[in-house]
Each structure stands twice: as C-alpha cells, then as structure tokens.
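Report on one structure; see the data block that follows.
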Amino acid sequence: MSDCFRAKPIFISILSVSLLSASGCTHIDAQPHLREAATLSSRVTGDADPQQAWSLPVDGESPAWDGVAPLTAEAAVAVALQSDPQLRAELALICAATADMVHASLPPNPTISFGVGSAIDNMTGAPAMVQGMQVLSWLWTNPWRVQAAEARLQKAIFSAAERCVSHLNHTRELVATVAAGQETLMLNRQHAQLAHRTAELVREQVNVGELPLLDLGRARLDAEQAQAAAIASDYALLEAKLELLHAMGRAETGVQWVITSPVIPDWPVPTREIDLLDLATTERLDVAAAAQDVIAAMSAAGLARTEQIPELSVMLTWQRNSSDRRALVPGAAVTLPIFHDGTAATMAASAQLEAARMTLLATQENAVLEVRNLYSEMLNARAQINSLQEVQLEAAVLNQERTLAAWQAGEIDLTTLLDTQRRRIAVEQALVTQELALARAMCALRTAVGGSFEPAANTINSAKLKSSDRETDS
C-alpha cells in the first residue's frame with residue numbers, strides 16, 4: 001500500500017500536466033463574426049438593422065409590417081431580412097466555422113497509459129507503469145490548419161452576406177413586379193371600361209340605324225377581350241403577390257394589400273461602366289469568398305508539405321519493476337516519412353490550389369460579364385422608356401382622342417377607332433413593361449456590383465482582400 005502512495009504523486013503530476021495542456025481555455029464566441037456578416041449585409045438592408053432582425057424569430061411576427069397595411073419596398077426588405085430560412089442557415093454555418101477554427105487551434109489530446117503486473121514465478125513484487133505522451137508535430141502543422149480554418153470562416157461570413165444581398169435585391173425585384181402588376185391591372189380595367197363605353201355608343205347608333213349590326217358585334221367582342229385581359233392581369237397580380245410573400249417568409253399572409261413604392265427604385269446608379277466594374281472586382285462577396293478558397297487551398301498545400309517532416313511525440317514514463325526499483329524515464333517517438341513521404345499529398349494539394357485559383361479567375365470574369373450585360377440591359381430599358389414617354393404615349397393619346405371625335409362625326413369607320421384604342425393601350429402597357437425591365441436590371445446590377453452602387457456602403461475589409469491578393473499571386 002505504501003508503494004501505491006509513493007507512486008501517486010508522480011501519477012497525479014503526469015495526469016495534471018496532460019489534462020491542463022489538453023483542456024486549455026476553449027472559448028467559442030461567434031458574435032464578432034456574426035457582427036461582421038451584419039456589417040457586410042448592411043449595404044443592402046437600408047434602414048433595417050441586420051443584427052436586430054436576426055435576433056427575432058425567423059417565423060415570428062415582424063415589426064416592419066403587419067400583413068394588412070400598404071407595403072413599401074423598405075418594409076418588404078425588412079421582413080425578408082428577418083424571415084429567410086436559408087440566410088439563417090448561412091449564419092448557423094458561421095457559428096460552425098467559428099467552432100472549427102477554435103478546434104483547429106488546439107493541440108492534440110495527450111495519451112495516458114498505465115499498467116500493473118503480477119509475478120508469475122512465485123516471487124514477490126509487482127511491476128507497474130504510468131506513461132504520458134504528447135504529439136509535438138502539431139507545432140509545425142497547426143499554423144496551416146488554423147489558416148485554413150480562418151479562411152473557411154471568412155468564406156462563411158462572405159457567403160452569408162452574399163445570400164443577404166442577393167435575397168433582398170430579389171425581394172426588391174418582386175416588389176417592382178407587384179407594382180407593375182398593379183399598374184397593368186389598372187390600365188386593363190381602364191381599357192375594358194373604354195371598350196364597353198364604345199360598345200354602348202355603337203349600340204345606340206345601331207338602334208337608330210346609323211351603323212350596321214355587324215359593327216355592334218365587333219364592338220362587343222373587343223369589349224369582352226378587354227375584360228378578359230383585365231381578368232388575366234388580376235390573376236397575374238395575385239401570383240406576383242404570392243411570390244413576394246414567399247420571398248418575405250409570409251406565404252400564408254393574405255393578399256388584400258397594395259404596394260405603394262414605385263416600380264423603378266430610386267438608386268444612384270453610376271453613369272460610367274468603369275465605375276461599376278471597379279465595384280464588381282473589389283466588392284463582390286462571391287469573389288471574396290472564392291479568394292478565401294484559394295487561401296484555404298494554399299494552407300492545405302502547406303500542410304501537405306509537412307508530411308515530409310518526421311512526426312515527433314515525447315513521453316514521460318514512471319515505472320517500477322518487480323524488484324521494487326522505481327524510475328522516471330523521458331522518451332520520444334519518431335515516425336519516419338519513408339513510404340508515405342508526402343509526394344502524392346503535395347501533388348494533390350497543388351492541383352487543388354490551381355483549381356481554386358482558376359475558379360477565382362472564372363468568378364471574376366463572370367462578374368465582369370454579368371455587370372456589362374446588365375448595364376446594357378439597363379441602358380436599353382431607359383432608352384425605351386424615354387421613347388415611350390416622350391414620343392409614343394403622347395402621340396397615341398392624341399391620336400385616340402382625334403379618332404374618337406372623327407368617328408362620332410362619321411368621318412371614319414369603327415375599325416379605325418378600335419385599332420386606335422388598342423394602339424394606345426399597347427403603348428401604355430409597353431411603358432409598364434419597360435419600367436419593370438429597368439427595375440429588374442437595376443436590382444440584378446446592384447447584386448452584381450456587390451450590393452450597393454455607393455462605394456462607401458460596400459464594406460469588405462480591404463486589408464483582408466489585399467492579403468488575399470498577395471497570397472493568390474504568390
């Protein structure tokens with residue numbers, strides 16, 4: 001029993017050192033990284049606070065809108081910011097990446113071995129052994145693991161902000177779709193009323209014998225077609241509202257509300273293409289995320305090269321032999337890279353690094369192409385709107401008024417009058433269509449340049465991006 005008490009201090013010392021080195025002070029706090037994601041997302045949230053929105057239940061009521069009051073674009077964005085499950089999933093991945101980074105920074109757990117023997121040769125004494133072992137190879141492999149984990153964490157932050165940017169701009173696009181649907185429905189109803197009034201005028205003239213009965217049939221057919229177009233636009237508006245509610249996370253909300261925001265967003269879009277390209281190449285979050293993939297691949301390549309270094313472990317052993325002699329024996333274990341010398345791992349990691357670099361390059365080139373195409377679409381929509389507003393609409397209205405007067409005076413036939421009315425409604429509908437096309441191009445372009453047309457609002461950490469550029473070029 002005294003031997004056991006004499007061995008106990010040594011055993012406790014080994015065990016205590018091992019447990020302290022293993023446990024350390026593991027503190028996982030994802031809040032700073034969630035705040036960084038919120039800062040990056042604020043470029044597209046307007047007056048809504050991302051952190052406050054994310055603190056609310058994803059399926060709970062929103063303070064921004066009650067589901068009944070007239071809906072603005074700002075309120076729709078605020079509700080979508082709170083209620084997007086996929087965005088919450090991206091935020092959860094930030095927490096997971098934070099835990100992975102903390103885990104990567106910890107040393108490997110120590111190994112404790114012990115044993116007690118008994119004599120089988122009828123002699124007295126019992127051998128005993130307590131051994132603690134710690135791997136030291138993590139000293140030169142751990143920096144690569146931590147760097148890779150940090151890159152994955154930064155990518156998770158960029159990906160969450162990118163989801164926020166794309167989803168909220170998509171929500172704004174759907175707001176424009178509903179607003180355009182409201183205008184289209186109003187126009188079609190006005191056209192239907194005009195067609196019915198025309199049919200009544202024709203009926204009166206048929207009754208007094210001034211027009212043939214055939215003209216009344218044509219007028220009624222035109223009125224019914226106009227009514228059918230109004231009904232179709234009513235259902236199209238309903239479908240647009242349902243899609244908007246889905247994007248806002250309010251799929252079960254009623255549709256007895258109206259959009260009060262204009263179709264075209266009031267955003268200060270740069271007039272020069274080069275300014276938009278500068279934003280796309282420096283502030284796009286998917287480009288920044290792809291740059292983090294390159295850093296992670298570089299870290300994996302560095303980790304693969306460490307396989308060429310022998311693995312080292314140190315140990316400290318307390319032992320007692322059957323003659324009751326005690327000893328404290330330090331030692332080490334070395335694994336030589338003879339068969340698995342890291343050649344294959346280094347080659348595979350280099351190939352993965354090259355693939356990551358090419359993916360980054362492709363992402364940058366796609367960003368440039370996307371911005372240039374969307375900028376062209378935006379300019380085309382603006383030119384069409386200017387033509388419709390300044391020339392075609394005024395001419396169509398004036399022509400329709402003159403044609404109606406001429407028909408009432410008996411100078412032209414009904415066919416000319418109906419054709420003139422159709423031309424006016426076609427111009428008015430084309431104007432709404434081009435306004436929606438412009439709004440969609442602006443929303444998509446806003447996403448393509450990183451979330452905002454104002455450089456000051458795009459808040460990617462320039463130091464991190466410059467670091468990524470240096471490491472990518474190396």
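Order determines the names: the first chain of the structure tokens is A, the second B, and so forth; residues in each chain are numbered 1 upward, and ligands are numbered 1 upward as they are shown.
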Residue set, stretch 100-180 of chain A restricted to alpha helix (DSSP H), as a ChimeraX atom specification: /A:100-105,138-180
Go ahead and dump the residues you just picked, C-alpha atoms, as a PDB file, in the first residue's frame.
```pdb
ATOM      1  CA  ASP A 100     -13.949  24.592 -36.329  1.00  0.00           C
ATOM      2  CA  MET A 101     -11.400  27.399 -36.169  1.00  0.00           C
ATOM      3  CA  VAL A 102     -11.165  27.134 -32.377  1.00  0.00           C
ATOM      4  CA  HIS A 103     -10.847  23.377 -32.674  1.00  0.00           C
ATOM      5  CA  ALA A 104      -8.055  23.724 -35.251  1.00  0.00           C
ATOM      6  CA  SER A 105      -6.043  25.938 -32.897  1.00  0.00           C
ATOM      7  CA  TRP A 138       1.234  19.943 -34.341  1.00  0.00           C
ATOM      8  CA  LEU A 139       3.740  22.723 -33.641  1.00  0.00           C
ATOM      9  CA  TRP A 140       4.568  22.916 -37.381  1.00  0.00           C
ATOM     10  CA  THR A 141       1.274  21.621 -38.783  1.00  0.00           C
ATOM     11  CA  ASN A 142      -1.068  23.690 -36.656  1.00  0.00           C
ATOM     12  CA  PRO A 143      -0.380  27.090 -38.344  1.00  0.00           C
ATOM     13  CA  TRP A 144      -1.550  25.657 -41.668  1.00  0.00           C
ATOM     14  CA  ARG A 145      -4.663  24.157 -40.080  1.00  0.00           C
ATOM     15  CA  VAL A 146      -5.528  27.430 -38.357  1.00  0.00           C
ATOM     16  CA  GLN A 147      -5.017  29.430 -41.547  1.00  0.00           C
ATOM     17  CA  ALA A 148      -7.302  27.084 -43.476  1.00  0.00           C
ATOM     18  CA  ALA A 149      -9.937  27.254 -40.740  1.00  0.00           C
ATOM     19  CA  GLU A 150      -9.772  31.053 -40.707  1.00  0.00           C
ATOM     20  CA  ALA A 151     -10.240  31.113 -44.481  1.00  0.00           C
ATOM     21  CA  ARG A 152     -13.257  28.821 -44.231  1.00  0.00           C
ATOM     22  CA  LEU A 153     -14.705  31.052 -41.524  1.00  0.00           C
ATOM     23  CA  GLN A 154     -14.183  34.165 -43.618  1.00  0.00           C
ATOM     24  CA  LYS A 155     -15.801  32.427 -46.578  1.00  0.00           C
ATOM     25  CA  ALA A 156     -18.803  31.547 -44.423  1.00  0.00           C
ATOM     26  CA  ILE A 157     -19.127  35.224 -43.456  1.00  0.00           C
ATOM     27  CA  PHE A 158     -18.923  36.343 -47.087  1.00  0.00           C
ATOM     28  CA  SER A 159     -21.388  33.646 -48.179  1.00  0.00           C
ATOM     29  CA  ALA A 160     -23.936  34.694 -45.560  1.00  0.00           C
ATOM     30  CA  ALA A 161     -23.654  38.336 -46.593  1.00  0.00           C
ATOM     31  CA  GLU A 162     -23.905  37.330 -50.261  1.00  0.00           C
ATOM     32  CA  ARG A 163     -27.116  35.425 -49.521  1.00  0.00           C
ATOM     33  CA  CYS A 164     -28.478  38.502 -47.789  1.00  0.00           C
ATOM     34  CA  VAL A 165     -27.556  40.768 -50.703  1.00  0.00           C
ATOM     35  CA  SER A 166     -28.988  38.507 -53.394  1.00  0.00           C
ATOM     36  CA  HIS A 167     -32.174  37.683 -51.483  1.00  0.00           C
ATOM     37  CA  LEU A 168     -33.022  41.266 -50.552  1.00  0.00           C
ATOM     38  CA  ASN A 169     -32.366  42.519 -54.076  1.00  0.00           C
ATOM     39  CA  HIS A 170     -34.566  39.699 -55.355  1.00  0.00           C
ATOM     40  CA  THR A 171     -37.234  40.818 -52.903  1.00  0.00           C
ATOM     41  CA  ARG A 172     -36.985  44.370 -54.249  1.00  0.00           C
ATOM     42  CA  GLU A 173     -37.368  42.982 -57.755  1.00  0.00           C
ATOM     43  CA  LEU A 174     -40.536  41.168 -56.694  1.00  0.00           C
ATOM     44  CA  VAL A 175     -41.840  44.417 -55.186  1.00  0.00           C
ATOM     45  CA  ALA A 176     -41.339  46.022 -58.593  1.00  0.00           C
ATOM     46  CA  THR A 177     -43.170  43.107 -60.213  1.00  0.00           C
ATOM     47  CA  VAL A 178     -46.180  43.607 -57.958  1.00  0.00           C
ATOM     48  CA  ALA A 179     -46.139  47.380 -58.502  1.00  0.00           C
ATOM     49  CA  ALA A 180     -46.004  46.852 -62.265  1.00  0.00           C
TER      50      ALA A 180
END
```
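Residues with any atom within 8 Å of A:Leu404, counting only C-alpha atoms and excluding same-chain neighbours fewer than 4 positions away, are Gln400, Gln408 and Leu417 of chain A.
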Can I get the selection written as a compact mmCIF listing (two decimals), in the first residue's frame, with N, CA and C atoms?
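Result saved to selection16.txt:
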```
# COMPACT_ATOMS: atom_id res chain seq x y z
N GLN A 400 -55.78 58.88 -80.38
CA GLN A 400 -57.01 58.23 -79.93
C GLN A 400 -58.14 59.26 -79.72
N GLN A 408 -67.21 59.87 -84.14
CA GLN A 408 -68.50 60.41 -83.74
C GLN A 408 -69.07 61.35 -84.80
N LEU A 417 -61.35 53.27 -85.22
CA LEU A 417 -61.44 53.67 -83.81
C LEU A 417 -60.92 52.58 -82.88
```
Long-range neighbours of stretch 362-369 of chain A as JSON, numbers by chain, 9 Å cut-off, only C-alpha atoms, 2 positions minimum in chain: {"A": [277, 280, 281, 284, 286, 287, 290, 357, 358, 359, 360, 371, 372, 373, 374, 448, 449]}
Could you save those same residues with N, CA and C atoms as a short mmCIF file (atom, residue, chain, number, x, y, z; two decimals), in the first residue's frame?
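Listing of result_10.cif after writing:
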```
data_model
loop_
_atom_site.label_atom_id
_atom_site.label_comp_id
_atom_site.auth_asym_id
_atom_site.auth_seq_id
_atom_site.Cartn_x
_atom_site.Cartn_y
_atom_site.Cartn_z
N LEU A 277 -17.63 48.34 -62.94
CA LEU A 277 -16.66 47.24 -62.99
C LEU A 277 -15.71 47.30 -61.80
N ALA A 280 -17.50 45.76 -58.97
CA ALA A 280 -17.65 44.30 -59.13
C ALA A 280 -16.36 43.56 -58.79
N THR A 281 -15.23 44.13 -59.16
CA THR A 281 -13.96 43.43 -58.96
C THR A 281 -13.42 43.57 -57.54
N ARG A 284 -17.52 42.48 -54.72
CA ARG A 284 -18.45 41.36 -54.82
C ARG A 284 -18.11 40.31 -53.77
N ASP A 286 -19.12 37.13 -53.61
CA ASP A 286 -18.77 35.79 -54.11
C ASP A 286 -17.33 35.75 -54.60
N VAL A 287 -16.82 36.87 -55.11
CA VAL A 287 -15.40 36.94 -55.47
C VAL A 287 -14.54 36.85 -54.22
N ALA A 290 -14.50 33.30 -53.06
CA ALA A 290 -13.62 32.47 -53.89
C ALA A 290 -12.15 32.72 -53.56
N ARG A 357 -7.55 28.65 -57.79
CA ARG A 357 -7.16 29.88 -58.47
C ARG A 357 -7.95 30.08 -59.76
N MET A 358 -8.13 29.00 -60.52
CA MET A 358 -8.89 29.11 -61.76
C MET A 358 -10.36 29.42 -61.48
N THR A 359 -10.88 28.85 -60.40
CA THR A 359 -12.26 29.17 -60.02
C THR A 359 -12.40 30.64 -59.65
N LEU A 360 -11.42 31.17 -58.94
CA LEU A 360 -11.43 32.60 -58.60
C LEU A 360 -11.38 33.45 -59.86
N VAL A 371 -21.92 42.20 -65.12
CA VAL A 371 -22.11 43.64 -64.95
C VAL A 371 -22.30 44.32 -66.30
N ARG A 372 -21.50 43.96 -67.28
CA ARG A 372 -21.60 44.62 -68.58
C ARG A 372 -22.93 44.29 -69.26
N ASN A 373 -23.38 43.04 -69.15
CA ASN A 373 -24.67 42.68 -69.75
C ASN A 373 -25.82 43.41 -69.07
N LEU A 374 -25.80 43.43 -67.73
CA LEU A 374 -26.89 44.08 -67.01
C LEU A 374 -26.87 45.59 -67.22
N ALA A 448 -24.89 42.41 -58.72
CA ALA A 448 -23.67 42.08 -59.46
C ALA A 448 -22.48 42.93 -59.04
N VAL A 449 -22.73 44.15 -58.54
CA VAL A 449 -21.61 45.00 -58.13
C VAL A 449 -21.29 44.86 -56.65
#
```
Every residue of stretch 185-406 of chain A that DSSP places in strand (DSSP E), as an NGL selection string: :A and (311-320 or 326-335)
Counting only C-alpha atoms, the residue of A:Leu185, A:Met378, A:Leu93, A:Ala73 that sits nearest A:Val263: A:Ala73
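Between atom CA of A:Ser41 and atom CA of A:Val58 the separation is 17.0 Å.
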For A:Gln429: contacts at 10 Å, only C-alpha atoms, fewer than 5 positions along chain excluded, given as number ranges by chain: A: 180, 183-185, 187-188, 423-424, 434-435
Filtering to N, CA and C atoms, could you give me those residues as a compact mmCIF listing (two decimals), in the first residue's frame?
```txt
# COMPACT_ATOMS: atom_id res chain seq x y z
N ALA A 180 -45.70 46.84 -60.83
CA ALA A 180 -46.00 46.85 -62.27
C ALA A 180 -47.31 46.11 -62.55
N GLU A 183 -50.18 48.45 -61.90
CA GLU A 183 -50.36 49.42 -62.98
C GLU A 183 -50.97 48.75 -64.20
N THR A 184 -50.53 47.53 -64.51
CA THR A 184 -51.09 46.82 -65.66
C THR A 184 -52.57 46.53 -65.46
N LEU A 185 -52.93 46.10 -64.26
CA LEU A 185 -54.34 45.85 -63.97
C LEU A 185 -55.17 47.12 -64.11
N LEU A 187 -54.54 49.72 -66.02
CA LEU A 187 -54.64 50.04 -67.44
C LEU A 187 -55.64 49.14 -68.15
N ASN A 188 -55.59 47.85 -67.85
CA ASN A 188 -56.51 46.92 -68.50
C ASN A 188 -57.95 47.18 -68.08
N ARG A 423 -53.93 50.55 -79.94
CA ARG A 423 -52.56 51.08 -80.01
C ARG A 423 -52.20 51.88 -78.75
N ARG A 424 -53.18 52.64 -78.25
CA ARG A 424 -52.89 53.42 -77.04
C ARG A 424 -52.64 52.49 -75.85
N GLN A 434 -41.46 48.09 -69.81
CA GLN A 434 -40.09 48.59 -69.81
C GLN A 434 -39.67 49.12 -68.45
N GLU A 435 -40.61 49.70 -67.70
CA GLU A 435 -40.29 50.12 -66.33
C GLU A 435 -39.92 48.91 -65.47
```
For A:Ser313, find every residue with an atom within 8 Å (counting only C-alpha atoms), except residues of its own chain fewer than 4 positions away, and show them as a PDB file with C-alpha atoms, in the first residue's frame.
```
ATOM      1  CA  MET A 133       2.653  11.041 -24.238  1.00  0.00           C
ATOM      2  CA  GLN A 134       2.109  14.228 -26.269  1.00  0.00           C
ATOM      3  CA  VAL A 135       2.424  14.647 -30.033  1.00  0.00           C
ATOM      4  CA  LEU A 136       4.609  17.628 -30.945  1.00  0.00           C
ATOM      5  CA  SER A 137       4.167  17.562 -34.714  1.00  0.00           C
ATOM      6  CA  ALA A 332      10.411  10.255 -27.674  1.00  0.00           C
ATOM      7  CA  ALA A 333       8.843   8.505 -30.669  1.00  0.00           C
ATOM      8  CA  VAL A 334       9.641   9.422 -34.251  1.00  0.00           C
TER       9      VAL A 334
END
```
Nearby residues (only C-alpha atoms) at most 12 Å from A:Glu239, same-chain spacing under 5 positions excluded, as a PyMOL selection string: chain A and resi 174+177-178+181-182+232-234+244-246+251+255
Spatial neighbours of A:Ser452, 12 Å, only C-alpha atoms, chain gap at least 2 places, as a PyMOL selection string: chain A and resi 40-46+162+165-166+168-169+267-270+276+279-280+283-285+442-450+454-460
